[in-house]
$ cat coords01.pdb   # PDB, C-alpha atoms (C1' of nucleotides)
ATOM      1  CA  MET A   1      32.261  74.821  88.689
ATOM      2  CA  PRO A   2      29.570  73.456  86.403
ATOM      3  CA  ASP A   3      30.501  71.837  83.142
ATOM      4  CA  ALA A   4      31.210  74.280  80.356
ATOM      5  CA  PRO A   5      29.405  74.137  77.032
ATOM      6  CA  ARG A   6      31.278  71.854  74.676
ATOM      7  CA  SER A   7      29.749  73.032  71.445
ATOM      8  CA  ARG A   8      31.787  76.202  71.773
ATOM      9  CA  PRO A   9      35.579  76.319  71.889
ATOM     10  CA  VAL A  10      36.847  77.630  75.210
ATOM     11  CA  HIS A  11      40.036  79.491  75.893
ATOM     12  CA  ALA A  12      42.710  77.179  77.239
ATOM     13  CA  SER A  13      43.214  79.016  80.502
ATOM     14  CA  ALA A  14      39.519  78.712  81.275
ATOM     15  CA  SER A  15      39.364  74.951  80.715
ATOM     16  CA  SER A  16      40.588  71.932  82.614
ATOM     17  CA  ASP A  17      43.459  69.704  81.540
ATOM     18  CA  ALA A  18      41.032  66.875  80.921
ATOM     19  CA  ASP A  19      39.543  68.626  77.906
ATOM     20  CA  PHE A  20      41.274  67.407  74.796
ATOM     21  CA  TYR A  21      40.410  70.588  72.951
ATOM     22  CA  ALA A  22      41.901  72.725  75.710
ATOM     23  CA  ARG A  23      45.133  70.740  75.558
ATOM     24  CA  VAL A  24      45.302  71.287  71.817
ATOM     25  CA  TYR A  25      44.717  75.017  72.191
ATOM     26  CA  ARG A  26      47.370  75.241  74.860
ATOM     27  CA  VAL A  27      49.957  73.813  72.493
ATOM     28  CA  VAL A  28      48.847  75.931  69.545
ATOM     29  CA  GLU A  29      49.108  79.054  71.666
ATOM     30  CA  ARG A  30      52.780  78.234  72.244
ATOM     31  CA  ILE A  31      53.649  78.289  68.550
ATOM     32  CA  PRO A  32      55.968  81.275  68.077
ATOM     33  CA  GLU A  33      55.271  83.887  65.442
ATOM     34  CA  GLY A  34      56.748  83.003  62.085
ATOM     35  CA  ARG A  35      56.812  79.295  62.926
ATOM     36  CA  VAL A  36      54.496  76.426  62.035
ATOM     37  CA  THR A  37      53.828  72.913  63.292
ATOM     38  CA  THR A  38      51.807  69.918  62.175
ATOM     39  CA  TYR A  39      48.713  68.102  63.413
ATOM     40  CA  GLY A  40      50.751  64.981  63.997
ATOM     41  CA  ARG A  41      53.370  66.760  66.113
ATOM     42  CA  ILE A  42      50.674  68.184  68.348
ATOM     43  CA  ALA A  43      48.919  64.839  68.681
ATOM     44  CA  ARG A  44      52.188  63.090  69.507
ATOM     45  CA  HIS A  45      53.035  65.722  72.104
ATOM     46  CA  LEU A  46      49.659  65.150  73.767
ATOM     47  CA  GLY A  47      50.434  61.461  74.081
ATOM     48  CA  ALA A  48      48.034  60.378  71.337
ATOM     49  CA  PRO A  49      50.091  59.858  68.160
ATOM     50  CA  ARG A  50      47.008  58.784  66.199
ATOM     51  CA  ALA A  51      44.790  61.670  67.256
ATOM     52  CA  SER A  52      45.921  64.048  64.542
ATOM     53  CA  ARG A  53      42.406  64.157  63.135
ATOM     54  CA  ALA A  54      40.989  65.212  66.467
ATOM     55  CA  VAL A  55      43.485  68.072  66.471
ATOM     56  CA  GLY A  56      42.076  69.342  63.199
ATOM     57  CA  TRP A  57      38.628  68.973  64.723
ATOM     58  CA  ALA A  58      39.555  71.222  67.591
ATOM     59  CA  LEU A  59      40.904  73.868  65.237
ATOM     60  CA  LYS A  60      37.755  73.732  63.142
ATOM     61  CA  ALA A  61      35.779  74.588  66.266
ATOM     62  CA  VAL A  62      38.029  77.614  66.730
ATOM     63  CA  ALA A  63      37.309  78.875  63.232
ATOM     64  CA  SER A  64      33.596  79.042  64.007
ATOM     65  CA  ASP A  65      34.231  81.150  67.102
ATOM     66  CA  PRO A  66      35.537  84.690  66.304
ATOM     67  CA  VAL A  67      36.849  85.305  69.818
ATOM     68  CA  SER A  68      38.888  82.114  70.026
ATOM     69  CA  ALA A  69      40.086  82.649  66.471
ATOM     70  CA  LEU A  70      41.829  85.829  67.579
ATOM     71  CA  GLU A  71      43.388  84.193  70.617
ATOM     72  CA  ILE A  72      44.573  80.995  68.990
ATOM     73  CA  PRO A  73      46.950  81.130  65.993
ATOM     74  CA  CYS A  74      45.395  78.159  64.247
ATOM     75  CA  HIS A  75      46.835  79.371  60.944
ATOM     76  CA  ARG A  76      50.236  78.126  62.132
ATOM     77  CA  VAL A  77      49.124  74.502  61.979
ATOM     78  CA  VAL A  78      49.625  72.682  58.691
ATOM     79  CA  ASN A  79      49.732  69.069  57.603
ATOM     80  CA  ARG A  80      52.754  66.784  57.263
ATOM     81  CA  GLU A  81      53.591  68.164  53.809
ATOM     82  CA  GLY A  82      53.297  71.781  54.820
ATOM     83  CA  ARG A  83      50.024  72.127  52.930
ATOM     84  CA  LEU A  84      47.381  74.564  54.181
ATOM     85  CA  THR A  85      44.633  71.979  54.273
ATOM     86  CA  GLY A  86      42.458  74.084  56.545
ATOM     87  CA  ARG A  87      42.568  77.299  54.537
ATOM     88  CA  LEU A  88      38.966  76.880  53.334
ATOM     89  CA  HIS A  89      37.717  77.001  56.917
ATOM     90  CA  PHE A  90      38.991  80.511  57.540
ATOM     91  CA  VAL A  91      36.991  83.693  57.035
ATOM     92  CA  THR A  92      38.384  83.843  53.516
ATOM     93  CA  PRO A  93      40.198  81.116  51.550
ATOM     94  CA  THR A  94      43.354  83.243  51.503
ATOM     95  CA  ALA A  95      43.337  84.435  55.128
ATOM     96  CA  MET A  96      45.557  81.592  56.331
ATOM     97  CA  GLU A  97      48.173  82.185  53.664
ATOM     98  CA  GLU A  98      48.131  85.949  54.168
ATOM     99  CA  ARG A  99      48.680  85.669  57.908
ATOM    100  CA  LEU A 100      51.606  83.316  57.448
ATOM    101  CA  ARG A 101      53.219  85.523  54.810
ATOM    102  CA  ALA A 102      52.770  88.526  57.098
ATOM    103  CA  GLU A 103      54.810  86.656  59.717
ATOM    104  CA  GLY A 104      57.590  85.979  57.267
ATOM    105  CA  VAL A 105      56.859  82.335  56.566
ATOM    106  CA  ALA A 106      58.295  81.211  53.218
ATOM    107  CA  PHE A 107      56.201  79.298  50.702
ATOM    108  CA  THR A 108      57.437  76.600  48.344
ATOM    109  CA  ALA A 109      54.078  76.578  46.525
ATOM    110  CA  PRO A 110      50.892  78.716  46.553
ATOM    111  CA  ASP A 111      49.400  76.718  49.407
ATOM    112  CA  ARG A 112      52.474  75.007  50.804
ATOM    113  CA  VAL A 113      54.897  76.396  53.380
ATOM    114  CA  ASP A 114      58.600  75.657  53.784
ATOM    115  CA  LEU A 115      58.499  73.242  56.694
ATOM    116  CA  ALA A 116      62.261  72.751  56.806
ATOM    117  CA  ALA A 117      62.737  76.458  57.502
ATOM    118  CA  HIS A 118      59.875  77.142  59.904
ATOM    119  CA  LEU A 119      58.885  73.870  61.569
ATOM    120  CA  TRP A 120      58.436  74.184  65.317
ATOM    121  CA  ASP A 121      58.200  71.159  67.583
ATOM    122  CA  PRO A 122      56.138  71.365  70.827
ATOM    123  CA  ALA A 123      58.873  69.580  72.746
TER     124      ALA A 123
ATOM    125  C1'  DG B   1      23.866  54.101  71.730
ATOM    126  C1'  DC B   2      25.080  53.456  66.762
ATOM    127  C1'  DA B   3      26.838  55.229  62.678
ATOM    128  C1'  DG B   4      28.772  58.874  59.994
ATOM    129  C1'  DT B   5      32.223  62.623  59.443
ATOM    130  C1'  DG B   6      36.772  65.033  58.984
ATOM    131  C1'  DA B   7      41.860  71.231  58.770
ATOM    132  C1'  DC B   8      45.500  63.527  59.328
ATOM    133  C1'  DC B   9      49.079  59.863  59.488
ATOM    134  C1'  DT B  10      51.200  55.458  58.357
ATOM    135  C1'  DC B  11      51.789  51.350  56.093
ATOM    136  C1'  DG B  12      51.340  48.343  51.924
ATOM    137  C1'  DT B  13      51.403  47.717  46.830
TER     138       DT B  13
ATOM    139  C1'  DA C   1      58.729  57.130  44.203
ATOM    140  C1'  DA C   2      53.717  57.632  43.661
ATOM    141  C1'  DC C   3      48.977  55.933  44.689
ATOM    142  C1'  DG C   4      45.540  53.704  47.418
ATOM    143  C1'  DA C   5      43.446  51.808  51.548
ATOM    144  C1'  DG C   6      43.020  51.374  56.534
ATOM    145  C1'  DG C   7      43.144  53.103  61.185
ATOM    146  C1'  DC C   8      42.770  56.061  65.144
ATOM    147  C1'  DC C   9      40.463  59.861  67.728
ATOM    148  C1'  DA C  10      36.820  62.990  69.324
ATOM    149  C1'  DC C  11      32.310  65.143  68.027
ATOM    150  C1'  DT C  12      27.387  65.356  66.027
ATOM    151  C1'  DG C  13      22.784  63.884  64.615
TER     152       DG C  13
END

$ encode --input "coords01.pdb" --output "structure tokens"
Amino acid sequence: MPDAPRSRPVHASASSDADFYARVYRVVERIPEGRVTTYGRIARHLGAPRASRAVGWALKAVASDPVSALEIPCHRVVNREGRLTGRLHFVTPTAMEERLRAEGVAFTAPDRVDLAAHLWDPA
DNA sequence: GCAGTGACCTCGT
DNA sequence: AACGAGGCCACTG
């Protein structure tokens, strides 16, 4: 089929494996409810240990697309310290925290989750 | 095609 | 142990 628009995030199942974004989404979709993972873990799992920034880029694209935002639990991705660095990119600054709390994720600080208790590795 | 940007990570001081 | 700087990756203008 013709090439899909790349300015808009596409659902993983509708994209090819070659798309880096699609591969990121596929991993994020696997994150169980009440668990979280990090940008670095995802990047490492994709075979690009230094592509953690690109992972955040892919999630940013999701935030701008309401449909994908509902399909992909991007709120379950935090940084190495458990900090909600992407919270400002959600519909409201507190949406990310509220969703995580609703899933039973414990916080060690207002914008920091308990990684030791909820960390999920893609492997 | 070059240069800038960013929801990060790691290694040196 | 805390702070700062560099690097890597994909996308946009």

$ resolve_selection --input "coords01.pdb" --expression "the PyMOL selection byres ((chain B) within 8 of (chain A))" --output "PyMOL selection string"
chain B and resi 6-9

$ resolve_selection --input "coords01.pdb" --expression "the PyMOL selection byres ((chain B and resi 10-12) around 9)" --output "list in words"
DC9 and DT13 of chain B; DA5, DG6 and DG7 of chain C

$ residues_around --input "coords01.pdb" --residues "B:DG4" --least-positions-apart "5" --cutoff "12 Å" --atoms "all atoms listed in the file" --output "VMD selection string"
chain C and resid 11 to 13

$ atom_distance --input "coords01.pdb" --atom1 "atom CA of A:Asp111" --atom2 "atom CA of A:Ala61"
21.8 Å

$ residues_around --input "coords01.pdb" --residues "stretch 104-108 of chain A" --least-positions-apart "4" --cutoff "8 Å" --atoms "all atoms listed in the file" --output "list in words"
Gly34, Arg35, Leu100, Arg112, Val113, Asp114, Ala117 and His118 of chain A

$ write_last_selection --input "coords01.pdb" --atoms "C-alpha atoms" --output "compact mmCIF listing (two decimals), in the frame of the given file"
# COMPACT_ATOMS: atom_id res chain seq x y z
CA GLY A 34 56.75 83.00 62.08
CA ARG A 35 56.81 79.30 62.93
CA LEU A 100 51.61 83.32 57.45
CA ARG A 112 52.47 75.01 50.80
CA VAL A 113 54.90 76.40 53.38
CA ASP A 114 58.60 75.66 53.78
CA ALA A 117 62.74 76.46 57.50
CA HIS A 118 59.88 77.14 59.90

$ interface_residues --input "coords01.pdb" --of "chain C" --to "chain A" --cutoff "7 Å" --atoms "all atoms listed in the file" --output "VMD selection string"
chain C and resid 8 to 10

$ atom_distance --input "coords01.pdb" --atom1 "atom CA of A:Val91" --atom2 "atom CA of A:Leu46"
28.0 Å

$ atom_distance --input "coords01.pdb" --atom1 "atom CA of A:Asp19" --atom2 "atom C1' of B:DG1"
22.2 Å

$ axis_aligned_box --input "coords01.pdb" --around "stretch 3-12 of chain C" --padding-each-side "8 Å" --output "AutoDock Vina command-line options"
--center_x 38.2 --center_y 58.4 --center_z 57.0 --size_x 37.6 --size_y 30.0 --size_z 40.6
